[in-house]
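J.: Before I ask anything, let me first share the structure, which is written out below as structure tokens.
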Amino acid sequence: MCGIVGYLGTREVYPILIKGLRRLEYRGYDSAGVAMINGSGHLNVYKRKGKVSDLENFATGNDTTGTIGIGHTRWATHGEPNDVNSHPHYSQSKNIVLIHNGIIENYASIKEGLKKRGHTFESQTDTEVLVHLIEEIKQHDNMKLGHAVLAALNQVIGAYAIVVMDKNDPTTLVAAKKGSPMVIGIGENEFFIASDASPIVEFTKNVVYLEDEQVAILRRGEDLKIRSLKDKEVTPYVQQLTIELENIEKGGYDHFMLKEIYEQPRSVKDSMRGRLNAEKGIVSLGGIVEHEAKFKNAKRIIFIACGTSWHAGLVGEYLFEEFARIPVEVEYASEFRYRNPVIYPDDLIIAISQSGETADTLAAIELAKSKGATIIGVCNVVGSSIARATHAGSYTHAGPEIGVASTKAFTAQVTVLTLMALHVARIKGTLPESRFRQLLYELESIPTKIEQALKLNAEIKDIAFKFKDSTNALYLGRGFTFPVALEGALKLKEISYIHAEGYPAAEMKHGPIALIDEEMPVFVIATKGPNYEKVVSNIQEVKARKGKVIAVVTAGDKEVKGTADHTIEIPETDESLVPLVSVIPWQLLSYHIAVMRGCNVDQPRNLAKSVTVE
Ligand code: M6R
């Protein structure tokens with residue numbers, strides 16, 4: 001969750017740290033801090049509750065010089081967000097500082113021991129314990145910083161990405177990771193460290209993704225050294241970054257979320273690029289080619305994911321059952337990992353994750369792996385932990401998603417799952433050729449239809465204005481659009497703090513209908529398809545109880561138009577592809593409502609972009 005950044009080189013470090021923290025702020029924004037060693041060897045630490053801008057205001061006018069430093073933006077786990085609990089944390093002597101992303105699970109017992117040996121602590125964090133331990137080991141065994149970090153981490157249970165800096169050795173940074181991401185950028189006589197590549201990309205394209213249980217030692221004037229926790233030397237594997245600076249900037253939009261909503265015609269197209277050729281009747285997913293037999297023979301597919309990715313998995317359930325006739329279960333990773341699920345070696349697990357770092361999804365993958373199942377990943381972030389933990393997979397190619405509310409990642413995930421389901425249907429022969437071809441053409445036209453849906457923005461903004469002061473909302477869908485109802489409700493609640501529920505339309509009369517009165521907006525997807533008439537009846541039920549109905553309908557619809565309070569007409573497409581287009585109005589609606597309510601759209605309260613703690 002937290003964002004970490006570090007620099008060692010020839011440039012002034014403070015602007016690099018601040019810019020890096022701004023780019024990583026989506027990962028956590030309770031508090032922020034930096035530490036730099038200046039030219040006279042003095043260690044300056046500034047940390048503050050609040051945003052990176054609060055930290056900047058606090059540090060203004062103070063000494064921020066130096067060419068080595070570390071920075072942190074926090075999403076609190078242990079200890080409330082305040083100045084003291086902010087990172088960096090000091091060792092006992094205050095000579096060593098450390099930043100951390102993750103949780104040290106056995107921190108309480110380590111802290112007990114340290115206290116008995118005379119250590120005193122300022123914060124309630126697990127992190128402070130680790131930096132005390134590192135210093136104790138370093139002093140006791142007269143070790144270099146790198147070895148002390150290695151020895152300390154061998155005593156630690158939990159997840160971490162850390163960077164450590166010692167005032168007495170201003171030529172060295174030590175970084176390590178287990179279960180939390182970390183990238184090291186290698187420039188000319190300089191190193192960059194960050195939780196993701198966004199703070200690095202404008203300086204160098206040469207990066208090393210640190211693996212779990214590795215410690216990196218960065219020394220001025222030397223090559224990068226990596227050692228395993230077992231103290232074996234590891235040869236760094238240098239890769240080229242593929243993202244560009246423009247991918248991680250707002251590009252003239254007020255918020256990343258809006259930019260990302262508008263990027264969807266492109267991101268859906270990119271997710272299909274080279275994989276779909278309707279004219280030739282071809283769907284190919286290179287990443288899963290070696291596992292085609294597994295797909296063909298799978299008795300069952302289990303999707304594991306969290307949040308929006310879980311909603312994409314639900315769409316995947318409808319797609320795989322409809323096209324490939326394989327039974328599907330969709331599991332919350334956090335539930336799956338802590339029960340004793342029945343998993344057979346011929347089960348196929350599809351793990352979906354935008355970030356590729358979600359701790360629960362990662363743990364669920366490891367559990368399924370241990371039972372012999374084959375794991376396929378659908379991730380957005382190349383080289384992420386989940387992408388590496390799976391046996392095979394297909395990337396979504398949505399590009400960096402920075403807004404905390406997931407938008408383009410969802411449509412890219414659904415696109416890839418559609419391609420996968422069609423591909424498997426082809427292998428299994430479960431779809432007639434004519435239907436298969438028709439679906440390929442329809443899928444190819446989706447980016448244009450999303451573009452048309454985006455043109456409804458002004459109309460949707462007007463509707464948003466009418467419902468911005470609601471305290472509750474109900475989202476309904478049926479069949480393929482039920483997951484979109486869940487996704488619409490999640491978007492509204494997470495960024496505008498309006499309580500919202502997504503329901504299968506027919507389930508409404510089993511409880512939620514009791515909530516309906518003239519104050520209650522009910523957002524319904526009522527596009528043409530096999531369930532249309534049934535959804536129209538559900539709309540009548542809402543209207544009979546004076547609820548306000550806002551319906552997404554197929555262009556040219558007359559029936560719902562006559563009943564609903566507002567209709568939003570989207571282009572017609574195949575029922576199975578409606579999620580890709582019908583989600584757009586709900587994304588725009590929640591965006592505008594959140595803006596009108598004065599909410600921080602890109603950084604909603606209490607949330608963080610990648611949930612790397614359970
Ligand atoms: O990176 P992941 O796709 O694994 O993240 C899963 C959820 O944390 C994520 O989708 C979350 O629900 C979003 N904030 C939803 O907008």
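Chain lettering (A, B, ...) mirrors the order of the structure tokens, residue numbering begins at 1 for each chain separately, and ligand numbering begins at 1 in order of display.
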I want to know what sits within 7 Å of region 266-276 of chain A, based on only C-alpha atoms, with residues of the same chain fewer than 4 positions away left out; could you give that as number ranges by chain?
T.: A: 282-285, 396-398, 408, 411-412, 415-416, 447
J.: Would you list the residues that come within 6 Å of ligand 1? Count only C-alpha atoms and all ligand atoms and give the answer as a compact mmCIF listing (two decimals) with C-alpha atoms, in the first residue's frame.
T.:
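Saved the output as selection00.txt:
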```
# COMPACT_ATOMS: atom_id res chain seq x y z
CA CYS A 306 -10.86 -8.72 -5.22
CA GLY A 307 -12.99 -5.61 -5.76
CA THR A 308 -13.48 -4.51 -9.34
CA SER A 309 -11.35 -7.39 -10.59
CA SER A 353 -5.63 -8.24 -10.74
CA GLN A 354 -4.94 -4.79 -12.11
CA SER A 355 -1.94 -4.13 -9.88
CA GLY A 356 -0.73 -7.71 -9.74
CA THR A 358 -3.04 -7.64 -4.16
CA VAL A 404 -7.85 4.62 -7.07
CA ALA A 405 -11.24 3.80 -8.60
CA SER A 406 -10.63 1.18 -11.23
CA SER A 610 -2.82 -1.56 -4.48
CA VAL A 611 -3.79 -3.49 -1.39
```
J.: If we count only C-alpha atoms, what is near Ala373 (chain A) at a cut-off of 6 Å, once residues fewer than 2 positions away on the same chain are taken out, given as a list in words?
T.: Pro345, Asp347, Ala368, Lys369 and Lys371 of chain A
J.: Select, from A:Glu56, A:Phe323, A:Lys111, A:Asp212, the residue with the minimum atom-to-atom distance to Gly429 (chain A), counting only C-alpha atoms.
T.: A:Phe323
J.: Taking only region 392-581 of chain A into account, list the residues labelled strand (DSSP E or B) by DSSP (computed from the backbone), as a VMD selection string.
T.: chain A and resid 392 to 393 472 to 477 499 to 504 521 to 526 548 to 554 566 to 570
J.: Show which residues sit within 6 Å of region 172-179 of chain A, as a list in words. Count only C-alpha atoms, and ignore same-chain residues fewer than 6 positions away.
T.: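 Once the adjacent positions are removed, what remains is Gly146, Ala159, Tyr160, Ala161, Ile162, Val163, Val164, Met165, Asp212, Glu213, Gln214, Val215, Ala216, Ile217, Leu218 and Arg219 of chain A.
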J.: Take the selection from the previous step and output its residues with N, CA and C atoms, as an mmCIF file, in the first residue's frame.
T.:
```
data_model
loop_
_atom_site.group_PDB
_atom_site.id
_atom_site.type_symbol
_atom_site.label_atom_id
_atom_site.label_comp_id
_atom_site.auth_asym_id
_atom_site.auth_seq_id
_atom_site.Cartn_x
_atom_site.Cartn_y
_atom_site.Cartn_z
ATOM 1 N N GLY A 146 24.457 -3.466 4.720
ATOM 2 C CA GLY A 146 23.800 -4.490 3.900
ATOM 3 C C GLY A 146 23.663 -5.801 4.639
ATOM 4 N N ALA A 159 5.498 -9.110 5.424
ATOM 5 C CA ALA A 159 5.725 -8.607 4.065
ATOM 6 C C ALA A 159 6.427 -7.264 4.173
ATOM 7 N N TYR A 160 7.323 -7.020 3.252
ATOM 8 C CA TYR A 160 8.016 -5.738 3.321
ATOM 9 C C TYR A 160 8.626 -5.356 1.988
ATOM 10 N N ALA A 161 8.701 -4.050 1.780
ATOM 11 C CA ALA A 161 9.650 -3.469 0.834
ATOM 12 C C ALA A 161 10.254 -2.348 1.666
ATOM 13 N N ILE A 162 11.563 -2.369 1.828
ATOM 14 C CA ILE A 162 12.195 -1.361 2.697
ATOM 15 C C ILE A 162 13.372 -0.705 1.984
ATOM 16 N N VAL A 163 13.672 0.510 2.410
ATOM 17 C CA VAL A 163 14.936 1.143 2.017
ATOM 18 C C VAL A 163 15.539 1.721 3.294
ATOM 19 N N VAL A 164 16.846 1.482 3.460
ATOM 20 C CA VAL A 164 17.535 1.879 4.683
ATOM 21 C C VAL A 164 18.716 2.784 4.324
ATOM 22 N N MET A 165 18.920 3.799 5.151
ATOM 23 C CA MET A 165 20.020 4.745 4.895
ATOM 24 C C MET A 165 20.721 5.036 6.224
ATOM 25 N N ASP A 212 11.372 -11.418 -4.366
ATOM 26 C CA ASP A 212 11.176 -11.638 -2.933
ATOM 27 C C ASP A 212 12.442 -12.202 -2.301
ATOM 28 N N GLU A 213 12.667 -11.786 -1.060
ATOM 29 C CA GLU A 213 13.797 -12.258 -0.255
ATOM 30 C C GLU A 213 15.138 -11.913 -0.889
ATOM 31 N N GLN A 214 15.181 -10.763 -1.550
ATOM 32 C CA GLN A 214 16.460 -10.271 -2.070
ATOM 33 C C GLN A 214 16.784 -8.933 -1.418
ATOM 34 N N VAL A 215 18.073 -8.711 -1.227
ATOM 35 C CA VAL A 215 18.548 -7.453 -0.648
ATOM 36 C C VAL A 215 19.446 -6.791 -1.685
ATOM 37 N N ALA A 216 19.153 -5.539 -2.013
ATOM 38 C CA ALA A 216 19.965 -4.823 -3.007
ATOM 39 C C ALA A 216 20.866 -3.833 -2.285
ATOM 40 N N ILE A 217 22.120 -3.830 -2.680
ATOM 41 C CA ILE A 217 23.061 -2.887 -2.070
ATOM 42 C C ILE A 217 23.516 -1.915 -3.159
ATOM 43 N N LEU A 218 23.174 -0.647 -2.945
ATOM 44 C CA LEU A 218 23.461 0.385 -3.944
ATOM 45 C C LEU A 218 24.561 1.264 -3.378
ATOM 46 N N ARG A 219 25.717 1.240 -4.044
ATOM 47 C CA ARG A 219 26.838 2.043 -3.543
ATOM 48 C C ARG A 219 27.297 3.004 -4.625
#
```
J.: I need the residue nearest Glu211 (chain A) from this list: A:Ser385, A:Gln124, A:Asn101, A:Thr563. Use only C-alpha atoms for the distance.
T.: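 Distance minimum relative to Glu211 (chain A) lands on A:Ser385.
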J.: Contacts of Arg74 (chain A) at 7 Å or less, counting only C-alpha atoms, minus same-chain residues fewer than 6 places along, as a PDB file with C-alpha atoms, in the first residue's frame?
T.:
```pdb
ATOM      1  CA  CYS A   2       2.510   2.676   0.974  1.00  0.00           C
ATOM      2  CA  GLY A   3       4.758   4.206  -1.687  1.00  0.00           C
ATOM      3  CA  GLY A  28      -1.401   5.794   0.240  1.00  0.00           C
ATOM      4  CA  TYR A  29      -1.868   9.342   1.373  1.00  0.00           C
ATOM      5  CA  ASP A  30      -2.240   9.449   5.169  1.00  0.00           C
ATOM      6  CA  SER A  31       1.160  10.996   5.692  1.00  0.00           C
ATOM      7  CA  ALA A  32       4.472  11.494   3.943  1.00  0.00           C
ATOM      8  CA  SER A  86       4.958   8.762   9.573  1.00  0.00           C
TER       9      SER A  86
END
```
J.: Determine, counting only C-alpha atoms, which protein, DNA and RNA residues have an atom within 12 Å of an atom of Ser53 (chain A); residues of the same chain fewer than 4 positions away are not included. Present the result as a list in words.
T.: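 Contacts, in chain order: Ile18, Lys19, Leu21, Arg22, Glu25, Tyr29, Asp30, Ser31, Ala32, Gly33, Lys47, Arg48, Lys49, Asn57, Phe58, Ala59, Thr60 and Thr73 of chain A.
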J.: Could you list, as number ranges by chain, every residue within 7 Å of region 603-605 of chain A, counting only C-alpha atoms and ignoring same-chain residues fewer than 5 positions away?
T.: A: 26, 404, 494-495
J.: Pick from A:Leu150, A:Met1, A:Ile99, A:Ile110: nearest to Thr127 (chain A), with only C-alpha atoms counted?
T.: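 Among the listed residues, A:Ile99 lies closest to Thr127 (chain A).
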